[in-house]
file protein.cif (mmCIF, C-alpha atoms)
data_coords
loop_
_atom_site.label_atom_id
_atom_site.label_comp_id
_atom_site.auth_asym_id
_atom_site.auth_seq_id
_atom_site.Cartn_x
_atom_site.Cartn_y
_atom_site.Cartn_z
CA MET A 1 1.64 32.82 -38.01
CA ASP A 2 5.20 31.55 -37.57
CA ASP A 3 4.60 29.01 -40.32
CA LEU A 4 3.31 31.78 -42.54
CA GLU A 5 6.40 33.89 -41.89
CA ARG A 6 8.60 30.95 -42.86
CA GLU A 7 6.61 30.48 -46.06
CA LEU A 8 6.97 34.13 -46.91
CA GLY A 9 10.65 34.18 -46.02
CA CYS A 10 11.55 32.69 -49.39
CA LEU A 11 10.36 35.93 -51.05
CA GLU A 12 12.73 38.19 -49.13
CA GLU A 13 15.87 39.69 -50.60
CA PRO A 14 19.16 38.37 -49.13
CA ILE A 15 20.93 40.54 -46.57
CA ASP A 16 24.10 42.30 -47.74
CA ASP A 17 26.59 41.13 -45.11
CA ASP A 18 29.19 43.78 -46.04
CA ASN A 19 26.81 46.72 -45.64
CA PHE A 20 25.42 45.18 -42.47
CA SER A 21 28.92 44.93 -40.98
CA GLU A 22 29.77 48.51 -41.95
CA ASP A 23 26.62 49.87 -40.34
CA ASN A 24 27.40 48.08 -37.09
CA SER A 25 31.07 49.02 -37.06
CA SER A 26 30.16 52.68 -37.42
CA LYS A 27 28.19 52.38 -34.21
CA GLY A 28 30.95 51.02 -32.09
CA GLY A 29 30.61 47.43 -33.31
CA LYS A 30 27.45 46.83 -31.29
CA LYS A 31 24.72 44.80 -32.93
CA SER A 32 21.17 45.87 -32.39
CA LYS A 33 19.03 43.39 -30.50
CA LEU A 34 15.88 44.64 -32.22
CA PRO A 35 14.50 42.47 -35.03
CA ILE A 36 14.98 43.86 -38.54
CA THR A 37 12.12 43.47 -40.99
CA TYR A 38 12.61 43.41 -44.70
CA PRO A 39 10.09 43.80 -47.49
CA MET A 40 8.47 40.54 -48.51
CA ILE A 41 9.07 41.44 -52.15
CA SER A 42 11.65 44.08 -53.01
CA GLU A 43 11.28 46.49 -55.86
CA THR A 44 13.22 45.55 -58.99
CA PRO A 45 14.52 47.78 -61.83
CA PHE A 46 12.17 46.11 -64.32
CA GLU A 47 9.05 46.32 -62.20
CA THR A 48 5.84 47.14 -64.05
CA GLY A 49 2.90 48.99 -62.60
CA PHE A 50 1.08 45.69 -62.14
CA HIS A 51 4.01 44.21 -60.22
CA GLN A 52 4.29 47.30 -58.06
CA THR A 53 0.59 47.15 -57.21
CA THR A 54 0.68 43.45 -56.28
CA ARG A 55 3.86 43.97 -54.24
CA MET A 56 2.26 46.77 -52.27
CA CYS A 57 -0.91 44.69 -51.90
CA LEU A 58 1.08 41.81 -50.37
CA GLU A 59 2.73 44.22 -47.94
CA ARG A 60 -0.70 45.47 -46.88
CA ILE A 61 -1.85 41.90 -46.39
CA ARG A 62 1.10 41.09 -44.16
CA GLU A 63 0.54 44.24 -42.12
CA ALA A 64 -3.12 43.32 -41.63
CA LEU A 65 -2.23 39.75 -40.65
CA LEU A 66 0.34 40.86 -38.10
CA HIS A 67 -2.28 43.05 -36.41
CA HIS A 68 -5.11 40.49 -36.78
CA ARG A 69 -7.18 42.77 -38.99
CA TRP A 70 -8.81 39.86 -40.76
CA GLN A 71 -11.47 41.82 -42.69
CA GLU A 72 -8.87 44.17 -44.09
CA ALA A 73 -6.60 41.25 -45.01
CA ALA A 74 -9.52 39.52 -46.76
CA GLU A 75 -10.29 42.61 -48.83
CA TYR A 76 -6.70 42.92 -50.01
CA MET A 77 -6.50 39.17 -50.58
CA ALA A 78 -9.45 39.33 -52.95
CA CYS A 79 -7.22 41.31 -55.34
CA TYR A 80 -3.85 39.64 -54.86
CA PRO A 81 -4.58 36.25 -56.60
CA GLN A 82 -4.34 38.15 -59.92
CA MET A 83 -0.62 37.53 -59.54
CA LEU A 84 -1.27 33.86 -60.28
CA GLU A 85 -2.24 34.78 -63.84
CA ASP A 86 0.89 36.85 -64.50
CA PRO A 87 2.73 35.09 -67.37
CA THR A 88 6.00 36.95 -66.76
CA HIS A 89 6.76 35.07 -63.52
CA ASN A 90 8.50 31.74 -63.35
CA LEU A 91 6.13 28.84 -62.79
CA ASN A 92 8.26 27.63 -59.91
CA HIS A 93 7.94 30.95 -58.08
CA PRO A 94 6.35 30.51 -54.63
CA TYR A 95 3.53 33.02 -55.20
CA LYS A 96 1.02 30.22 -55.65
CA GLU A 97 1.81 28.60 -52.35
CA VAL A 98 1.82 31.99 -50.64
CA VAL A 99 -1.73 32.64 -51.87
CA TRP A 100 -2.80 29.22 -50.57
CA ARG A 101 -1.24 29.71 -47.13
CA ILE A 102 -2.43 33.28 -46.63
CA SER A 103 -5.96 32.56 -47.86
CA THR A 104 -6.48 29.67 -45.48
CA GLU A 105 -4.91 31.65 -42.63
CA ILE A 106 -7.42 34.46 -43.16
CA LEU A 107 -10.36 32.07 -43.45
CA HIS A 108 -9.40 30.24 -40.23
CA HIS A 109 -9.52 33.51 -38.28
CA HIS A 110 -12.17 35.56 -40.08
CA PRO A 111 -15.35 35.59 -37.95
CA ASN A 112 -17.67 35.47 -40.99
CA SER A 113 -15.94 32.81 -43.07
CA LYS A 114 -18.25 30.15 -44.49
CA MET A 115 -17.74 26.66 -45.87
CA GLU A 116 -18.43 27.99 -49.37
CA ASP A 117 -15.45 30.35 -48.98
CA TYR A 118 -13.17 27.47 -47.99
CA ASN A 119 -14.37 25.32 -50.87
CA HIS A 120 -13.80 28.16 -53.33
CA VAL A 121 -10.24 28.78 -52.14
CA TYR A 122 -9.30 25.11 -52.08
CA GLU A 123 -10.71 24.46 -55.57
CA LEU A 124 -8.85 27.52 -56.88
CA MET A 125 -5.60 26.30 -55.35
CA LYS A 126 -5.99 22.79 -56.75
CA ASN A 127 -5.92 24.29 -60.23
CA PHE A 128 -2.95 26.59 -59.62
CA VAL A 129 -0.73 24.84 -57.04
CA VAL A 130 0.06 21.74 -59.10
CA ARG A 131 3.20 20.91 -57.14
CA ASN A 132 1.17 20.67 -53.91
CA HIS A 133 -2.14 19.53 -55.41
CA LEU A 134 -2.36 16.44 -53.22
CA SER A 135 -1.48 18.41 -50.08
CA VAL A 136 -4.25 20.89 -50.86
CA CYS A 137 -6.72 18.03 -51.37
CA LEU A 138 -5.70 16.45 -48.07
CA GLU A 139 -6.03 19.74 -46.19
CA HIS A 140 -9.42 20.36 -47.81
CA SER A 141 -10.68 16.96 -46.71
CA PHE A 142 -9.43 17.57 -43.15
CA HIS A 143 -11.39 20.81 -42.99
CA LEU A 144 -14.54 19.12 -44.28
CA LEU A 145 -14.09 16.31 -41.78
CA LEU A 146 -13.66 18.69 -38.84
CA ASN A 147 -16.93 20.35 -39.79
CA GLY A 148 -18.84 17.07 -40.07
CA TYR A 149 -18.92 16.72 -43.86
CA ILE A 150 -17.65 13.13 -43.89
CA GLU A 151 -19.05 12.04 -47.24
CA GLU A 152 -17.74 15.21 -48.91
CA ALA A 153 -14.33 14.66 -47.33
CA LYS A 154 -14.26 11.10 -48.64
CA HIS A 155 -15.20 12.32 -52.12
CA GLN A 156 -12.31 14.79 -52.09
CA LEU A 157 -9.87 12.02 -51.16
CA SER A 158 -11.30 9.64 -53.76
CA VAL A 159 -10.77 12.24 -56.49
CA ALA A 160 -7.28 13.03 -55.23
CA GLU A 161 -6.35 9.36 -55.14
CA SER A 162 -6.80 9.07 -58.90
CA TRP A 163 -5.07 12.39 -59.69
CA ARG A 164 -1.84 12.21 -61.68
CA HIS A 165 0.41 14.91 -63.12
CA GLY A 166 3.53 14.28 -65.15
CA LYS A 167 6.06 11.75 -63.98
CA GLU A 168 5.24 10.43 -60.52
CA SER A 169 7.81 11.56 -57.97
CA ALA A 170 8.65 9.79 -54.72
CA SER A 171 6.91 12.53 -52.70
CA GLN A 172 3.80 12.24 -54.87
CA ILE A 173 3.70 8.48 -54.31
CA GLN A 174 3.99 9.00 -50.55
CA ARG A 175 1.18 11.56 -50.52
CA THR A 176 -1.01 9.24 -52.57
CA LYS A 177 -0.49 6.47 -50.01
CA LEU A 178 -1.36 8.90 -47.23
CA ILE A 179 -4.53 9.89 -49.06
CA GLN A 180 -5.47 6.22 -49.45
CA ALA A 181 -4.95 5.73 -45.72
CA TYR A 182 -7.17 8.65 -44.75
CA ARG A 183 -9.85 7.60 -47.22
CA SER A 184 -9.87 4.22 -45.48
CA LEU A 185 -10.13 5.98 -42.14
CA LEU A 186 -13.22 7.79 -43.40
CA ASP A 187 -14.66 4.44 -44.49
CA TYR A 188 -14.07 3.27 -40.93
CA ILE A 189 -15.86 6.33 -39.51
CA ILE A 190 -18.86 5.70 -41.75
CA TRP A 191 -18.73 2.03 -40.75
CA CYS A 192 -18.86 3.07 -37.08
CA ASP A 193 -21.93 5.21 -37.74
CA LYS A 194 -23.63 2.31 -39.51
CA LYS A 195 -22.73 -0.04 -36.67
CA ASN A 196 -24.14 2.32 -34.03
CA GLN A 197 -27.34 2.79 -36.01
CA HIS A 198 -27.66 -0.97 -36.35
CA SER A 199 -27.08 -1.63 -32.64
CA ASN A 200 -29.60 1.04 -31.59
CA SER A 201 -32.28 -0.15 -33.98
CA ASP A 202 -34.84 -2.81 -33.13
CA ASN A 203 -35.28 -3.75 -36.79
CA THR A 204 -32.45 -5.77 -38.30
CA ASP A 205 -32.28 -5.28 -42.04
CA SER A 206 -29.97 -7.49 -44.10
CA SER A 207 -29.37 -4.64 -46.55
CA ASP A 208 -28.07 -2.49 -43.68
CA ASN A 209 -25.70 -5.26 -42.66
CA GLN A 210 -24.48 -5.58 -46.21
CA ASP A 211 -23.99 -1.83 -46.50
CA MET A 212 -21.96 -1.80 -43.30
CA HIS A 213 -19.90 -4.77 -44.47
CA ASN A 214 -19.16 -2.99 -47.76
CA TYR A 215 -17.56 -0.11 -45.88
CA PHE A 216 -15.54 -2.59 -43.85
CA ARG A 217 -14.34 -4.29 -47.00
CA GLN A 218 -13.38 -0.99 -48.65
CA ALA A 219 -11.48 0.14 -45.56
CA SER A 220 -9.74 -3.17 -44.93
CA VAL A 221 -8.43 -3.51 -48.49
CA ASN A 222 -6.62 -0.18 -48.33
CA LEU A 223 -5.52 -0.60 -44.73
CA ARG A 224 -3.91 -3.95 -45.51
CA GLU A 225 -2.05 -2.27 -48.34
CA ILE A 226 -0.96 0.61 -46.12
CA MET A 227 0.45 -1.77 -43.50
CA ARG A 228 2.95 -3.02 -46.07
CA ASN A 229 4.64 0.37 -45.98
CA PRO A 230 6.94 0.93 -42.99
CA GLY A 231 5.82 3.83 -40.85
CA VAL A 232 3.84 4.91 -37.80
CA TRP A 233 0.19 4.14 -38.56
CA ASP A 234 -1.32 4.19 -35.05
CA PRO A 235 -4.84 5.57 -35.72
CA PHE A 236 -5.22 3.36 -38.79
CA ILE A 237 -4.10 0.26 -36.90
CA LEU A 238 -6.61 0.88 -34.11
CA SER A 239 -9.44 1.35 -36.61
CA TYR A 240 -8.53 -1.80 -38.49
CA ILE A 241 -8.28 -3.88 -35.30
CA GLU A 242 -11.67 -2.69 -34.09
CA MET A 243 -13.30 -3.82 -37.32
CA LEU A 244 -11.51 -7.18 -37.30
CA GLU A 245 -12.57 -7.78 -33.70
CA PHE A 246 -16.17 -6.93 -34.55
CA TYR A 247 -16.18 -9.61 -37.24
CA GLU A 248 -14.31 -11.97 -34.87
CA ASP A 249 -11.27 -12.29 -37.11
CA HIS A 250 -8.95 -12.68 -34.11
CA GLU A 251 -6.27 -14.47 -36.04
CA GLY A 252 -6.09 -11.64 -38.56
CA ALA A 253 -6.07 -8.98 -35.84
CA LEU A 254 -3.28 -10.71 -33.94
CA LYS A 255 -1.18 -11.03 -37.10
CA VAL A 256 -1.59 -7.33 -37.88
CA LEU A 257 -0.58 -6.32 -34.35
CA ASN A 258 2.39 -8.70 -34.23
CA ASP A 259 3.67 -7.47 -37.59
CA TYR A 260 3.25 -3.86 -36.52
CA ALA A 261 5.15 -4.45 -33.28
CA TYR A 262 7.92 -6.82 -34.35
CA ASP A 263 8.51 -6.31 -38.08
CA SER A 264 12.05 -4.92 -38.31
CA ASN A 265 11.08 -2.85 -41.34
CA PHE A 266 8.90 -0.65 -39.14
CA PRO A 267 10.48 2.02 -36.92
CA PRO A 268 10.57 1.28 -33.16
CA ASN A 269 7.17 2.30 -31.86
CA PRO A 270 6.19 1.84 -28.19
CA ASN A 271 2.50 2.25 -29.08
CA ALA A 272 2.66 -0.86 -31.25
CA HIS A 273 3.52 -2.96 -28.18
CA VAL A 274 0.89 -1.17 -26.10
CA TYR A 275 -1.80 -2.04 -28.65
CA LEU A 276 -0.66 -5.65 -28.77
CA TYR A 277 -0.68 -5.91 -24.97
CA GLN A 278 -4.14 -4.38 -24.70
CA TYR A 279 -5.48 -6.80 -27.31
CA LEU A 280 -3.98 -9.82 -25.56
CA LYS A 281 -5.34 -8.67 -22.21
CA ARG A 282 -8.83 -8.10 -23.66
CA HIS A 283 -8.88 -11.68 -24.90
CA ASP A 284 -7.51 -13.23 -21.69
CA TYR A 285 -4.18 -14.45 -23.00
CA PRO A 286 -1.87 -16.06 -20.39
CA ASP A 287 0.37 -13.86 -18.26
CA LYS A 288 3.46 -15.29 -19.93
CA LYS A 289 2.48 -13.74 -23.26
CA LEU A 290 1.56 -10.45 -21.59
CA MET A 291 4.93 -10.27 -19.87
CA LYS A 292 6.75 -10.96 -23.12
CA VAL A 293 5.16 -7.91 -24.72
CA LEU A 294 5.73 -5.71 -21.68
CA LYS A 295 9.36 -6.82 -21.52
CA THR A 296 9.96 -5.30 -24.96
CA LEU A 297 8.03 -2.16 -24.02
CA HIS A 298 10.19 -1.87 -20.91
CA VAL A 299 13.30 -1.72 -23.07
CA LEU A 300 11.78 1.03 -25.22
CA VAL A 301 10.10 3.12 -22.50
CA PRO A 302 11.06 2.15 -18.94
CA SER A 303 8.93 4.99 -17.57
CA HIS A 304 5.72 3.83 -19.27
CA GLU A 305 2.67 3.56 -17.03
CA LEU A 306 2.24 -0.11 -18.02
CA MET A 307 5.48 -0.89 -16.18
CA PHE A 308 3.40 -0.88 -13.02
CA GLU A 309 1.39 -3.79 -14.46
CA TYR A 310 4.58 -5.45 -15.67
CA SER A 311 6.00 -5.37 -12.18
CA SER A 312 2.76 -6.81 -10.76
CA LEU A 313 2.78 -9.65 -13.29
CA LEU A 314 6.37 -10.47 -12.37
CA LEU A 315 5.38 -10.68 -8.71
CA GLN A 316 2.56 -13.09 -9.55
CA SER A 317 5.03 -15.50 -11.13
CA GLU A 318 5.99 -18.53 -9.06
CA LYS A 319 9.68 -18.06 -9.87
CA THR A 320 11.59 -16.34 -7.08
CA ASP A 321 13.96 -14.60 -9.50
CA LYS A 322 11.03 -12.50 -10.74
CA ILE A 323 10.93 -10.45 -7.51
CA PRO A 324 14.33 -8.80 -8.14
CA LYS A 325 13.20 -8.11 -11.70
CA ALA A 326 10.02 -6.50 -10.40
CA LEU A 327 12.15 -4.39 -8.07
CA GLY A 328 14.31 -3.24 -10.99
CA VAL A 329 11.26 -2.30 -13.07
CA ILE A 330 9.77 -0.11 -10.32
CA LEU A 331 13.10 1.52 -9.50
CA GLU A 332 13.50 2.40 -13.17
CA MET A 333 10.07 4.02 -13.11
CA LEU A 334 11.16 6.13 -10.15
CA ASP A 335 14.30 7.14 -12.04
CA PHE A 336 11.99 9.50 -13.93
CA ALA A 337 10.67 12.66 -12.30
CA CYS A 338 7.13 12.07 -13.61
CA TRP A 339 6.67 9.27 -11.04
CA ARG A 340 8.53 10.95 -8.18
CA SER A 341 5.39 11.92 -6.27
CA ASN A 342 3.21 8.96 -7.19
CA LEU A 343 2.05 7.30 -3.97
CA ASP A 344 0.91 4.07 -5.69
CA VAL A 345 4.34 3.46 -7.19
CA TRP A 346 6.09 4.01 -3.83
CA LYS A 347 3.61 1.73 -2.10
CA HIS A 348 4.26 -0.90 -4.73
CA LEU A 349 8.00 -0.54 -4.19
CA LYS A 350 7.49 -1.05 -0.46
CA PHE A 351 5.40 -4.18 -1.13
CA ILE A 352 8.10 -5.60 -3.40
CA ILE A 353 10.76 -5.04 -0.74
CA GLN A 354 8.56 -6.77 1.82
CA GLN A 355 8.31 -9.77 -0.53
CA LEU A 356 12.03 -9.65 -1.17
CA LYS A 357 12.81 -9.75 2.56
CA GLN A 358 11.50 -13.29 2.65
CA GLN A 359 14.50 -14.37 0.61
CA GLU A 360 18.10 -14.75 1.73
CA GLY A 361 20.51 -12.10 0.58
CA TRP A 362 17.80 -9.53 0.01
CA LYS A 363 20.09 -6.73 1.15
CA ASN A 364 22.59 -7.66 -1.55
CA VAL A 365 19.84 -7.54 -4.18
CA ILE A 366 18.87 -4.02 -3.14
CA SER A 367 22.50 -2.93 -2.90
CA GLU A 368 23.15 -4.20 -6.42
CA GLN A 369 20.15 -2.32 -7.79
CA MET A 370 21.04 0.90 -5.98
CA SER A 371 24.81 0.91 -6.61
CA ALA A 372 24.47 2.88 -9.84
CA ARG A 373 21.91 5.21 -8.25
CA ARG A 374 23.61 6.18 -5.01
CA ASP A 375 25.16 9.33 -6.49
CA TRP A 376 21.96 10.91 -7.75
CA TRP A 377 18.90 9.16 -6.27
CA PRO A 378 19.09 10.98 -2.91
CA ALA A 379 19.04 14.32 -4.75
CA LEU A 380 16.04 13.15 -6.79
CA HIS A 381 13.95 11.79 -3.91
CA PHE A 382 15.39 12.32 -0.42
CA THR A 383 16.32 15.96 0.10
CA ALA A 384 15.13 18.32 2.82
CA PHE A 385 13.05 20.12 0.20
CA HIS A 386 11.27 16.86 -0.68
CA ALA A 387 10.59 16.21 2.99
CA SER A 388 9.14 19.68 3.49
CA HIS A 389 7.06 19.47 0.33
CA ASP A 390 5.76 15.93 0.97
CA SER A 391 4.86 16.68 4.59
CA VAL A 392 2.50 19.40 3.41
CA GLU A 393 1.24 18.08 0.06
CA ASN A 394 1.20 14.33 0.62
CA PRO A 395 1.85 13.06 4.17
CA GLY A 396 1.08 9.48 3.10
CA LEU A 397 3.84 9.63 0.50
CA MET A 398 6.22 11.04 3.10
CA GLU A 399 5.54 8.14 5.42
CA VAL A 400 6.19 5.50 2.75
CA LYS A 401 9.34 7.18 1.46
CA ALA A 402 10.72 7.68 4.95
CA SER A 403 10.27 3.99 5.72
CA LEU A 404 12.24 3.10 2.59
CA ALA A 405 14.99 5.71 2.73
CA LYS A 406 17.44 3.79 4.92
CA ILE A 407 16.69 0.50 3.20
CA LEU A 408 17.51 1.89 -0.20
CA CYS A 409 20.44 4.06 0.90
CA PRO A 410 21.68 2.46 4.17
CA ASP A 411 25.18 3.96 4.11
CA LEU A 412 24.17 7.53 3.24
CA LYS A 413 23.21 10.34 5.56
CA LEU A 414 19.97 11.56 4.01
CA LYS A 415 18.33 14.92 4.56
CA TYR A 416 14.87 13.45 4.14
CA THR A 417 14.10 13.78 7.86
CA ALA A 418 10.56 12.64 8.45
CA GLY A 419 10.87 11.33 11.94
CA LEU A 420 9.65 8.02 10.64
CA CYS A 421 12.89 6.51 9.37
CA GLY A 422 13.26 4.41 12.45
CA LYS A 423 9.90 2.72 12.02
CA LYS A 424 9.91 -0.94 11.12
CA THR A 425 8.76 -1.83 7.61
#
call {"tool": "encode", "arguments": {"input": "protein.cif", "output": "structure tokens"}}
result
Amino acid sequence: MDDLERELGCLEEPIDDDNFSEDNSSKGGKKSKLPITYPMISETPFETGFHQTTRMCLERIREALLHHRWQEAAEYMACYPQMLEDPTHNLNHPYKEVVWRISTEILHHHPNSKMEDYNHVYELMKNFVVRNHLSVCLEHSFHLLLNGYIEEAKHQLSVAESWRHGKESASQIQRTKLIQAYRSLLDYIIWCDKKNQHSNSDNTDSSDNQDMHNYFRQASVNLREIMRNPGVWDPFILSYIEMLEFYEDHEGALKVLNDYAYDSNFPPNPNAHVYLYQYLKRHDYPDKKLMKVLKTLHVLVPSHELMFEYSSLLLQSEKTDKIPKALGVILEMLDFACWRSNLDVWKHLKFIIQQLKQQEGWKNVISEQMSARRDWWPALHFTAFHASHDSVENPGLMEVKASLAKILCPDLKLKYTAGLCGKKT
């Protein structure tokens, strides 16, 4: 509804600031805190009877929408689209988009709306809302897809892909690329259905294999083209990689993932590195390559859940300098409140410190890591409130934290009194 109000806001008359100020000054200069509503379309001196009727109709529609009277709104809405055929209004006037937005809003909430009603509204809007024709087509296909009409949704996108009107604008080109991407995604969905049918069937038919491969080819051609455009294409990437893996094109899959993660033309995207890491791990790549990917992810999102695995991989390395790095990774995870009560992370921190104690100068390593944290870490983890909360909610966490409190903050008097601080770790 908020989106609808914003769409309708462009039809309101501007507020007269001078009159508004005078009204407030006459009341002691106090501004009312109550929201002021204005007519969606104000009466004009040259208003005809037709314009007056449609204006009043739109006001009735808004009133019905605000009170969720969907049947009443639908009845008024059946009359209002006549405004679209009014030749006296400027073609750029937002009435057409208003009809589109209100109609779909009513259909989404009306208890008796049918697919035929949606199709009728969307087809009507495609003819009238030329400026947003591609957006209407995309929304129509989404609705068909959500209701299981995959082939129909693909048909809508195929038609929209070839649609042209006037001189192609930059926004129209972008929407066309988006439509191509979603059409490829639908090819992938159909490919998945074919694959599942094939795997569950005892009879292997070469024609079925060819049919499935055709959908893969259609999807892959467009997806390859889409990947040349910088952007965040996560669901499309995952679909493409699944198909490439199925056909054992590992070289192609790895190239796609590497380009998506490291091509400087693409915006920084933590998910790109997550997908690359997951692929490498699935195919048993060496730990060195896994750590390289996680190192970049650590720079982008130090609180990511995969940092637990990154720290573990560092510990498995034979190089002794990896233990301090593993310590830094886990401490950075605990810098974020989302991990504050995670027992596994605290246990892992304790294990790292135990490994670190086997090296000379381990206290200096911890001191160096904690020097920038001493002013705020105790308030984040080691207050009396935390002690009281942990003792009730998670006694195991309290025990681990208490055993680490003095090691991490040896020169501070902490209020995290668990009675276990003196225990040996």
call {"tool": "residues_around", "arguments": {"input": "protein.cif", "residues": "Cys57 of chain A", "least_positions_apart": "4", "cutoff": "8 Å", "atoms": "all atoms listed in the file", "output": "PDB file with C-alpha atoms, keeping the file's coordinate frame"}}
result
ATOM      1  CA  THR A  53       0.590  47.150 -57.210  1.00  0.00           C
ATOM      2  CA  ILE A  61      -1.850  41.900 -46.390  1.00  0.00           C
ATOM      3  CA  TYR A  76      -6.700  42.920 -50.010  1.00  0.00           C
ATOM      4  CA  MET A  77      -6.500  39.170 -50.580  1.00  0.00           C
ATOM      5  CA  CYS A  79      -7.220  41.310 -55.340  1.00  0.00           C
ATOM      6  CA  TYR A  80      -3.850  39.640 -54.860  1.00  0.00           C
TER       7      TYR A  80
END
call {"tool": "residues_around", "arguments": {"input": "protein.cif", "residues": "Ala384 of chain A", "least_positions_apart": "2", "cutoff": "10 Å", "atoms": "only C-alpha atoms", "output": "PyMOL selection string"}}
result
chain A and resi 379+381-382+386-390+414-418
call {"tool": "resolve_selection", "arguments": {"input": "protein.cif", "expression": "the PyMOL selection byres ((chain A and resi 327-336) around 9)", "output": "ChimeraX atom specification"}}
result
/A:298,302-305,307-308,310-311,322-326,337-340,342,345-346,348-349,352-353,356,366,369-370,373,377,380-381
call {"tool": "closest_residue", "arguments": {"input": "protein.cif", "among": "A:Ser103, A:Gln210, A:Thr296, A:Asn229", "to": "Arg62 of chain A", "atoms": "all atoms listed in the file"}}
result
A:Ser103
call {"tool": "resolve_selection", "arguments": {"input": "protein.cif", "expression": "the PyMOL selection byres ((chain A and resi 182-196) around 9)", "output": "PDB file with C-alpha atoms, in the coordinates of the input"}}
result
ATOM      1  CA  LEU A 138      -5.700  16.450 -48.070  1.00  0.00           C
ATOM      2  CA  LEU A 145     -14.090  16.310 -41.780  1.00  0.00           C
ATOM      3  CA  ILE A 150     -17.650  13.130 -43.890  1.00  0.00           C
ATOM      4  CA  GLU A 151     -19.050  12.040 -47.240  1.00  0.00           C
ATOM      5  CA  ALA A 153     -14.330  14.660 -47.330  1.00  0.00           C
ATOM      6  CA  LYS A 154     -14.260  11.100 -48.640  1.00  0.00           C
ATOM      7  CA  HIS A 155     -15.200  12.320 -52.120  1.00  0.00           C
ATOM      8  CA  LEU A 157      -9.870  12.020 -51.160  1.00  0.00           C
ATOM      9  CA  SER A 158     -11.300   9.640 -53.760  1.00  0.00           C
ATOM     10  CA  GLU A 161      -6.350   9.360 -55.140  1.00  0.00           C
ATOM     11  CA  LYS A 177      -0.490   6.470 -50.010  1.00  0.00           C
ATOM     12  CA  LEU A 178      -1.360   8.900 -47.230  1.00  0.00           C
ATOM     13  CA  ILE A 179      -4.530   9.890 -49.060  1.00  0.00           C
ATOM     14  CA  GLN A 180      -5.470   6.220 -49.450  1.00  0.00           C
ATOM     15  CA  ALA A 181      -4.950   5.730 -45.720  1.00  0.00           C
ATOM     16  CA  GLN A 197     -27.340   2.790 -36.010  1.00  0.00           C
ATOM     17  CA  HIS A 198     -27.660  -0.970 -36.350  1.00  0.00           C
ATOM     18  CA  SER A 199     -27.080  -1.630 -32.640  1.00  0.00           C
ATOM     19  CA  ASN A 200     -29.600   1.040 -31.590  1.00  0.00           C
ATOM     20  CA  SER A 201     -32.280  -0.150 -33.980  1.00  0.00           C
ATOM     21  CA  ASP A 208     -28.070  -2.490 -43.680  1.00  0.00           C
ATOM     22  CA  ASN A 209     -25.700  -5.260 -42.660  1.00  0.00           C
ATOM     23  CA  ASP A 211     -23.990  -1.830 -46.500  1.00  0.00           C
ATOM     24  CA  MET A 212     -21.960  -1.800 -43.300  1.00  0.00           C
ATOM     25  CA  HIS A 213     -19.900  -4.770 -44.470  1.00  0.00           C
ATOM     26  CA  ASN A 214     -19.160  -2.990 -47.760  1.00  0.00           C
ATOM     27  CA  TYR A 215     -17.560  -0.110 -45.880  1.00  0.00           C
ATOM     28  CA  PHE A 216     -15.540  -2.590 -43.850  1.00  0.00           C
ATOM     29  CA  GLN A 218     -13.380  -0.990 -48.650  1.00  0.00           C
ATOM     30  CA  ALA A 219     -11.480   0.140 -45.560  1.00  0.00           C
ATOM     31  CA  SER A 220      -9.740  -3.170 -44.930  1.00  0.00           C
ATOM     32  CA  VAL A 221      -8.430  -3.510 -48.490  1.00  0.00           C
ATOM     33  CA  ASN A 222      -6.620  -0.180 -48.330  1.00  0.00           C
ATOM     34  CA  LEU A 223      -5.520  -0.600 -44.730  1.00  0.00           C
ATOM     35  CA  PRO A 235      -4.840   5.570 -35.720  1.00  0.00           C
ATOM     36  CA  PHE A 236      -5.220   3.360 -38.790  1.00  0.00           C
ATOM     37  CA  SER A 239      -9.440   1.350 -36.610  1.00  0.00           C
ATOM     38  CA  TYR A 240      -8.530  -1.800 -38.490  1.00  0.00           C
ATOM     39  CA  MET A 243     -13.300  -3.820 -37.320  1.00  0.00           C
TER      40      MET A 243
END
call {"tool": "closest_residue", "arguments": {"input": "protein.cif", "among": "A:Ile237, A:Leu144, A:Met115, A:Leu294", "to": "Lys281 of chain A", "atoms": "only C-alpha atoms"}}
result
A:Leu294
call {"tool": "build_atoms", "arguments": {"input": "protein.cif", "residues": "segment 224-228 of chain A", "atoms": "N, CA, C and O atoms", "output": "compact mmCIF listing (two decimals), keeping the file's coordinate frame"}}
result
# COMPACT_ATOMS: atom_id res chain seq x y z
N ARG A 224 -4.88 -2.85 -45.34
CA ARG A 224 -3.91 -3.95 -45.51
C ARG A 224 -2.75 -3.51 -46.39
O ARG A 224 -1.60 -3.84 -46.14
N GLU A 225 -3.08 -2.75 -47.43
CA GLU A 225 -2.05 -2.27 -48.34
C GLU A 225 -1.13 -1.26 -47.64
O GLU A 225 0.09 -1.27 -47.83
N ILE A 226 -1.74 -0.41 -46.82
CA ILE A 226 -0.96 0.61 -46.12
C ILE A 226 0.02 -0.03 -45.15
O ILE A 226 1.16 0.40 -45.00
N MET A 227 -0.40 -1.13 -44.49
CA MET A 227 0.45 -1.77 -43.50
C MET A 227 1.71 -2.39 -44.11
O MET A 227 2.63 -2.76 -43.40
N ARG A 228 1.74 -2.50 -45.42
CA ARG A 228 2.95 -3.02 -46.07
C ARG A 228 4.03 -1.97 -46.20
O ARG A 228 5.16 -2.28 -46.58
